[in-house]
>>> print(open('target20.pdb').read())   # PDB, C-alpha atoms
MODEL        1
ATOM      1  CA  MET A   1       2.079 -15.546  -8.682  1.00  0.00           C
ATOM      2  CA  ALA A   2      -0.296 -13.787 -11.022  1.00  0.00           C
ATOM      3  CA  ALA A   3      -2.442 -12.624  -8.115  1.00  0.00           C
ATOM      4  CA  VAL A   4      -1.664  -8.959  -8.880  1.00  0.00           C
ATOM      5  CA  LYS A   5      -1.776  -7.906 -12.519  1.00  0.00           C
ATOM      6  CA  ASP A   6      -1.711  -4.213 -11.677  1.00  0.00           C
ATOM      7  CA  LEU A   7      -0.723  -2.695  -8.332  1.00  0.00           C
ATOM      8  CA  SER A   8      -3.795  -0.445  -8.495  1.00  0.00           C
ATOM      9  CA  GLU A   9      -5.747  -3.586  -7.523  1.00  0.00           C
ATOM     10  CA  LEU A  10      -4.347  -3.109  -3.992  1.00  0.00           C
ATOM     11  CA  ILE A  11      -5.912   0.325  -3.484  1.00  0.00           C
ATOM     12  CA  GLY A  12      -8.675   0.310  -0.914  1.00  0.00           C
ATOM     13  CA  ARG A  13      -7.626  -2.991   0.617  1.00  0.00           C
ATOM     14  CA  ALA A  14      -6.229  -3.554   4.102  1.00  0.00           C
ATOM     15  CA  PRO A  15      -2.612  -4.793   3.897  1.00  0.00           C
ATOM     16  CA  ASP A  16      -3.152  -7.373   6.634  1.00  0.00           C
ATOM     17  CA  GLN A  17      -6.038  -8.908   4.697  1.00  0.00           C
ATOM     18  CA  LEU A  18      -4.183  -9.521   1.432  1.00  0.00           C
ATOM     19  CA  SER A  19      -4.067 -13.168   0.413  1.00  0.00           C
ATOM     20  CA  LEU A  20      -0.714 -14.949   0.575  1.00  0.00           C
ATOM     21  CA  ALA A  21      -0.530 -15.122  -3.235  1.00  0.00           C
ATOM     22  CA  THR A  22      -1.311 -11.407  -3.573  1.00  0.00           C
ATOM     23  CA  ARG A  23       1.208 -10.494  -0.889  1.00  0.00           C
ATOM     24  CA  HIS A  24       3.933 -12.608  -2.542  1.00  0.00           C
ATOM     25  CA  ALA A  25       3.174 -11.065  -5.953  1.00  0.00           C
ATOM     26  CA  ALA A  26       3.461  -7.537  -4.543  1.00  0.00           C
ATOM     27  CA  VAL A  27       6.591  -8.043  -2.398  1.00  0.00           C
ATOM     28  CA  GLY A  28       8.992  -5.136  -2.832  1.00  0.00           C
ATOM     29  CA  SER A  29       6.287  -2.705  -3.922  1.00  0.00           C
ATOM     30  CA  TYR A  30       5.639   0.451  -1.959  1.00  0.00           C
ATOM     31  CA  ILE A  31       2.284   1.359  -0.461  1.00  0.00           C
ATOM     32  CA  ALA A  32       0.880   4.527   1.074  1.00  0.00           C
ATOM     33  CA  MET A  33      -1.635   4.540   3.911  1.00  0.00           C
ATOM     34  CA  LYS A  34      -3.242   7.413   5.765  1.00  0.00           C
ATOM     35  CA  VAL A  35      -1.345   8.213   8.965  1.00  0.00           C
ATOM     36  CA  TYR A  36      -3.235   7.023  12.019  1.00  0.00           C
ATOM     37  CA  SER A  37      -3.770   9.428  14.898  1.00  0.00           C
ATOM     38  CA  PRO A  38      -6.324   9.564  17.715  1.00  0.00           C
ATOM     39  CA  GLN A  39      -7.898  12.587  16.011  1.00  0.00           C
ATOM     40  CA  ASN A  40      -8.003  10.838  12.651  1.00  0.00           C
ATOM     41  CA  LEU A  41      -8.880   7.179  13.388  1.00  0.00           C
ATOM     42  CA  ALA A  42      -8.110   6.358   9.764  1.00  0.00           C
ATOM     43  CA  LEU A  43      -8.859   2.879   8.492  1.00  0.00           C
ATOM     44  CA  GLN A  44      -5.687   1.095   7.512  1.00  0.00           C
ATOM     45  CA  ARG A  45      -6.359   0.940   3.792  1.00  0.00           C
ATOM     46  CA  ILE A  46      -3.879   1.150   0.936  1.00  0.00           C
ATOM     47  CA  GLU A  47      -4.331   4.532  -0.761  1.00  0.00           C
ATOM     48  CA  ALA A  48      -1.565   4.131  -3.369  1.00  0.00           C
ATOM     49  CA  ALA A  49       0.757   1.374  -4.580  1.00  0.00           C
ATOM     50  CA  GLY A  50       3.750   1.488  -6.882  1.00  0.00           C
ATOM     51  CA  ALA A  51       7.345   0.516  -7.572  1.00  0.00           C
ATOM     52  CA  SER A  52       8.622   3.599  -5.705  1.00  0.00           C
ATOM     53  CA  VAL A  53       7.560   6.148  -3.116  1.00  0.00           C
ATOM     54  CA  ARG A  54       7.551   8.747  -5.920  1.00  0.00           C
ATOM     55  CA  GLU A  55       4.901   6.728  -7.804  1.00  0.00           C
ATOM     56  CA  CYS A  56       2.781   6.578  -4.652  1.00  0.00           C
ATOM     57  CA  ILE A  57       3.102  10.336  -4.134  1.00  0.00           C
ATOM     58  CA  ASP A  58       2.070  11.003  -7.741  1.00  0.00           C
ATOM     59  CA  GLN A  59      -0.967   8.725  -7.375  1.00  0.00           C
ATOM     60  CA  LEU A  60      -2.027  10.471  -4.177  1.00  0.00           C
ATOM     61  CA  LYS A  61      -1.700  13.908  -5.791  1.00  0.00           C
ATOM     62  CA  GLU A  62      -3.709  12.760  -8.841  1.00  0.00           C
ATOM     63  CA  ARG A  63      -6.525  11.796  -6.469  1.00  0.00           C
ATOM     64  CA  GLY A  64      -6.327  15.125  -4.641  1.00  0.00           C
ATOM     65  CA  LEU A  65      -4.843  13.599  -1.471  1.00  0.00           C
ATOM     66  CA  ASP A  66      -2.012  15.176   0.510  1.00  0.00           C
ATOM     67  CA  PRO A  67       1.070  12.907   0.596  1.00  0.00           C
ATOM     68  CA  MET A  68       2.078  14.509   3.917  1.00  0.00           C
ATOM     69  CA  ASP A  69      -0.967  12.826   5.513  1.00  0.00           C
ATOM     70  CA  HIS A  70       0.282   9.373   4.496  1.00  0.00           C
ATOM     71  CA  GLU A  71       2.971   6.937   5.555  1.00  0.00           C
ATOM     72  CA  PHE A  72       4.917   4.903   3.034  1.00  0.00           C
ATOM     73  CA  SER A  73       6.206   1.386   3.482  1.00  0.00           C
ATOM     74  CA  ARG A  74       7.549  -1.456   1.415  1.00  0.00           C
ATOM     75  CA  LEU A  75       5.620  -4.714   1.313  1.00  0.00           C
ATOM     76  CA  ASN A  76       7.643  -7.562   2.784  1.00  0.00           C
ATOM     77  CA  PRO A  77       6.963 -11.266   2.392  1.00  0.00           C
ATOM     78  CA  PRO A  78       4.131 -12.457   4.624  1.00  0.00           C
ATOM     79  CA  PHE A  79       6.454 -14.794   6.532  1.00  0.00           C
ATOM     80  CA  LEU A  80      10.137 -14.515   7.123  1.00  0.00           C
ATOM     81  CA  ALA A  81      12.087 -17.595   6.135  1.00  0.00           C
ATOM     82  CA  ARG A  82      14.803 -18.635   8.556  1.00  0.00           C
TER      83      ARG A  82
ENDMDL
END
>>> encode(input="target20.pdb", output="structure tokens")
Amino acid sequence: MAAVKDLSELIGRAPDQLSLATRHAAVGSYIAMKVYSPQNLALQRIEAAGASVRECIDQLKERGLDPMDHEFSRLNPPFLAR
């Protein structure tokens, strides 16, 4: 599962287009994406990725982006095992 050496490799990519190997390697990591609204029509792209929401917020601030304009979620496995 060496598909992700550094979580910064996820930035700019659409979460639903990550390969299975990449998704498995990043499971449990947090991502930040711009909040979608009809006025915004933001592309669903990962803007920050880290081991915690705090790391994502810091990355967004370093890039001059407002964390309040983003939603944060944890990457789950691509398929749920039953």
>>> residues_around(input="target20.pdb", residues="stretch 8-13 of chain A", least_positions_apart="2", cutoff="6 Å", atoms="all atoms listed in the file", output="ChimeraX atom specification")
/A:6,45-48
>>> resolve_selection(input="target20.pdb", expression="the PyMOL selection byres ((chain A and resi 43) around 12)", output="list in words")
Gly12, Arg13, Ala14, Pro15, Asp16, Met33, Lys34, Val35, Tyr36, Ser37, Pro38, Asn40, Leu41, Ala42, Gln44, Arg45, Ile46, Glu47 and His70 of chain A
>>> resolve_selection(input="target20.pdb", expression="the PyMOL selection byres ((chain A and resi 26) around 12)", output="PDB file with C-alpha atoms, in the coordinates of the input")
ATOM      1  CA  MET A   1       2.079 -15.546  -8.682  1.00  0.00           C
ATOM      2  CA  ALA A   2      -0.296 -13.787 -11.022  1.00  0.00           C
ATOM      3  CA  ALA A   3      -2.442 -12.624  -8.115  1.00  0.00           C
ATOM      4  CA  VAL A   4      -1.664  -8.959  -8.880  1.00  0.00           C
ATOM      5  CA  LYS A   5      -1.776  -7.906 -12.519  1.00  0.00           C
ATOM      6  CA  ASP A   6      -1.711  -4.213 -11.677  1.00  0.00           C
ATOM      7  CA  LEU A   7      -0.723  -2.695  -8.332  1.00  0.00           C
ATOM      8  CA  SER A   8      -3.795  -0.445  -8.495  1.00  0.00           C
ATOM      9  CA  GLU A   9      -5.747  -3.586  -7.523  1.00  0.00           C
ATOM     10  CA  LEU A  10      -4.347  -3.109  -3.992  1.00  0.00           C
ATOM     11  CA  PRO A  15      -2.612  -4.793   3.897  1.00  0.00           C
ATOM     12  CA  LEU A  18      -4.183  -9.521   1.432  1.00  0.00           C
ATOM     13  CA  SER A  19      -4.067 -13.168   0.413  1.00  0.00           C
ATOM     14  CA  LEU A  20      -0.714 -14.949   0.575  1.00  0.00           C
ATOM     15  CA  ALA A  21      -0.530 -15.122  -3.235  1.00  0.00           C
ATOM     16  CA  THR A  22      -1.311 -11.407  -3.573  1.00  0.00           C
ATOM     17  CA  ARG A  23       1.208 -10.494  -0.889  1.00  0.00           C
ATOM     18  CA  HIS A  24       3.933 -12.608  -2.542  1.00  0.00           C
ATOM     19  CA  ALA A  25       3.174 -11.065  -5.953  1.00  0.00           C
ATOM     20  CA  VAL A  27       6.591  -8.043  -2.398  1.00  0.00           C
ATOM     21  CA  GLY A  28       8.992  -5.136  -2.832  1.00  0.00           C
ATOM     22  CA  SER A  29       6.287  -2.705  -3.922  1.00  0.00           C
ATOM     23  CA  TYR A  30       5.639   0.451  -1.959  1.00  0.00           C
ATOM     24  CA  ILE A  31       2.284   1.359  -0.461  1.00  0.00           C
ATOM     25  CA  ALA A  49       0.757   1.374  -4.580  1.00  0.00           C
ATOM     26  CA  GLY A  50       3.750   1.488  -6.882  1.00  0.00           C
ATOM     27  CA  ALA A  51       7.345   0.516  -7.572  1.00  0.00           C
ATOM     28  CA  ARG A  74       7.549  -1.456   1.415  1.00  0.00           C
ATOM     29  CA  LEU A  75       5.620  -4.714   1.313  1.00  0.00           C
ATOM     30  CA  ASN A  76       7.643  -7.562   2.784  1.00  0.00           C
ATOM     31  CA  PRO A  77       6.963 -11.266   2.392  1.00  0.00           C
ATOM     32  CA  PRO A  78       4.131 -12.457   4.624  1.00  0.00           C
TER      33      PRO A  78
END
>>> atom_distance(input="target20.pdb", atom1="atom CA of A:Ala32", atom2="atom CA of A:Phe72")
4.5 Å
>>> atom_distance(input="target20.pdb", atom1="atom CA of A:Glu55", atom2="atom CA of A:Asp69")
15.8 Å
>>> atom_distance(input="target20.pdb", atom1="atom CA of A:Lys61", atom2="atom CA of A:Gln39")
22.7 Å
>>> decode(input="target20.pdb", residues="stretch 2-48 of chain A", atoms="N, CA and C atoms", output="compact mmCIF listing (two decimals), in the first residue's frame")
# COMPACT_ATOMS: atom_id res chain seq x y z
N ALA A 2 1.84 1.29 -0.81
CA ALA A 2 2.71 2.46 -0.89
C ALA A 2 2.21 3.45 -1.93
N ALA A 3 0.92 3.48 -2.17
CA ALA A 3 0.36 4.36 -3.18
C ALA A 3 0.44 5.82 -2.78
N VAL A 4 0.51 6.12 -1.47
CA VAL A 4 0.60 7.49 -0.99
C VAL A 4 1.82 7.59 -0.09
N LYS A 5 2.85 8.26 -0.57
CA LYS A 5 4.05 8.46 0.24
C LYS A 5 3.89 9.67 1.15
N ASP A 6 3.15 10.65 0.65
CA ASP A 6 2.92 11.89 1.37
C ASP A 6 1.48 12.31 1.08
N LEU A 7 0.73 12.65 2.11
CA LEU A 7 -0.68 13.00 1.90
C LEU A 7 -0.85 14.23 1.02
N SER A 8 0.19 15.03 0.86
CA SER A 8 0.08 16.20 -0.02
C SER A 8 -0.14 15.78 -1.48
N GLU A 9 0.14 14.51 -1.79
CA GLU A 9 -0.11 13.99 -3.14
C GLU A 9 -1.61 13.98 -3.47
N LEU A 10 -2.46 14.03 -2.44
CA LEU A 10 -3.91 13.99 -2.65
C LEU A 10 -4.47 15.35 -3.05
N ILE A 11 -3.77 16.42 -2.74
CA ILE A 11 -4.28 17.76 -2.99
C ILE A 11 -4.50 17.99 -4.48
N GLY A 12 -5.68 18.51 -4.78
CA GLY A 12 -6.05 18.79 -6.16
C GLY A 12 -6.77 17.64 -6.85
N ARG A 13 -6.87 16.51 -6.18
CA ARG A 13 -7.53 15.35 -6.78
C ARG A 13 -8.95 15.22 -6.27
N ALA A 14 -9.81 14.64 -7.07
CA ALA A 14 -11.19 14.38 -6.65
C ALA A 14 -11.21 13.09 -5.82
N PRO A 15 -11.82 13.11 -4.64
CA PRO A 15 -11.81 11.92 -3.79
C PRO A 15 -12.42 10.69 -4.45
N ASP A 16 -13.45 10.89 -5.27
CA ASP A 16 -14.10 9.75 -5.91
C ASP A 16 -13.31 9.19 -7.08
N GLN A 17 -12.21 9.83 -7.43
CA GLN A 17 -11.38 9.33 -8.52
C GLN A 17 -10.03 8.78 -8.04
N LEU A 18 -9.87 8.63 -6.73
CA LEU A 18 -8.65 8.03 -6.20
C LEU A 18 -8.65 6.54 -6.52
N SER A 19 -7.49 6.01 -6.84
CA SER A 19 -7.40 4.57 -7.10
C SER A 19 -7.67 3.80 -5.81
N LEU A 20 -8.00 2.53 -5.95
CA LEU A 20 -8.26 1.71 -4.76
C LEU A 20 -7.04 1.65 -3.85
N ALA A 21 -5.86 1.50 -4.44
CA ALA A 21 -4.62 1.42 -3.64
C ALA A 21 -4.38 2.73 -2.90
N THR A 22 -4.60 3.85 -3.58
CA THR A 22 -4.40 5.16 -2.95
C THR A 22 -5.41 5.35 -1.83
N ARG A 23 -6.65 5.00 -2.09
CA ARG A 23 -7.70 5.15 -1.08
C ARG A 23 -7.39 4.29 0.14
N HIS A 24 -6.97 3.04 -0.07
CA HIS A 24 -6.63 2.17 1.06
C HIS A 24 -5.45 2.74 1.85
N ALA A 25 -4.46 3.29 1.15
CA ALA A 25 -3.27 3.83 1.83
C ALA A 25 -3.60 5.08 2.64
N ALA A 26 -4.65 5.79 2.27
CA ALA A 26 -5.00 7.04 2.95
C ALA A 26 -6.17 6.89 3.92
N VAL A 27 -6.68 5.69 4.11
CA VAL A 27 -7.82 5.47 5.01
C VAL A 27 -7.48 6.01 6.40
N GLY A 28 -8.43 6.75 6.97
CA GLY A 28 -8.25 7.31 8.30
C GLY A 28 -7.70 8.73 8.28
N SER A 29 -7.20 9.17 7.14
CA SER A 29 -6.71 10.54 7.02
C SER A 29 -7.89 11.49 6.85
N TYR A 30 -7.66 12.72 7.20
CA TYR A 30 -8.69 13.74 7.02
C TYR A 30 -8.42 14.54 5.76
N ILE A 31 -9.48 14.97 5.11
CA ILE A 31 -9.36 15.82 3.93
C ILE A 31 -10.27 17.03 4.09
N ALA A 32 -9.92 18.10 3.40
CA ALA A 32 -10.74 19.31 3.37
C ALA A 32 -11.09 19.60 1.92
N MET A 33 -12.38 19.89 1.70
CA MET A 33 -12.84 20.27 0.36
C MET A 33 -13.69 21.52 0.49
N LYS A 34 -13.65 22.34 -0.54
CA LYS A 34 -14.45 23.56 -0.56
C LYS A 34 -15.92 23.18 -0.44
N VAL A 35 -16.66 23.92 0.38
CA VAL A 35 -18.08 23.67 0.57
C VAL A 35 -18.82 24.00 -0.72
N TYR A 36 -19.66 23.09 -1.15
CA TYR A 36 -20.45 23.29 -2.36
C TYR A 36 -21.70 24.09 -2.03
N SER A 37 -22.02 25.05 -2.86
CA SER A 37 -23.28 25.77 -2.76
C SER A 37 -23.68 26.18 -4.18
N PRO A 38 -24.94 26.44 -4.41
CA PRO A 38 -25.36 26.86 -5.76
C PRO A 38 -24.65 28.13 -6.22
N GLN A 39 -24.29 29.01 -5.30
CA GLN A 39 -23.57 30.22 -5.65
C GLN A 39 -22.09 29.94 -5.95
N ASN A 40 -21.59 28.88 -5.40
CA ASN A 40 -20.16 28.58 -5.47
C ASN A 40 -19.81 27.60 -6.59
N LEU A 41 -20.60 26.55 -6.75
CA LEU A 41 -20.35 25.49 -7.74
C LEU A 41 -18.90 24.99 -7.72
N ALA A 42 -18.37 24.83 -6.52
CA ALA A 42 -16.98 24.39 -6.37
C ALA A 42 -16.79 22.98 -6.90
N LEU A 43 -15.65 22.75 -7.53
CA LEU A 43 -15.28 21.39 -7.92
C LEU A 43 -14.95 20.62 -6.66
N GLN A 44 -15.30 19.38 -6.61
CA GLN A 44 -15.00 18.57 -5.44
C GLN A 44 -13.56 18.08 -5.53
N ARG A 45 -12.66 18.92 -5.11
CA ARG A 45 -11.23 18.61 -5.11
C ARG A 45 -10.69 18.70 -3.69
N ILE A 46 -9.75 17.85 -3.37
CA ILE A 46 -9.12 17.87 -2.05
C ILE A 46 -8.21 19.09 -1.98
N GLU A 47 -8.45 19.94 -0.99
CA GLU A 47 -7.65 21.16 -0.81
C GLU A 47 -6.58 20.99 0.26
N ALA A 48 -6.78 20.02 1.16
CA ALA A 48 -5.81 19.75 2.22
C ALA A 48 -6.00 18.31 2.68
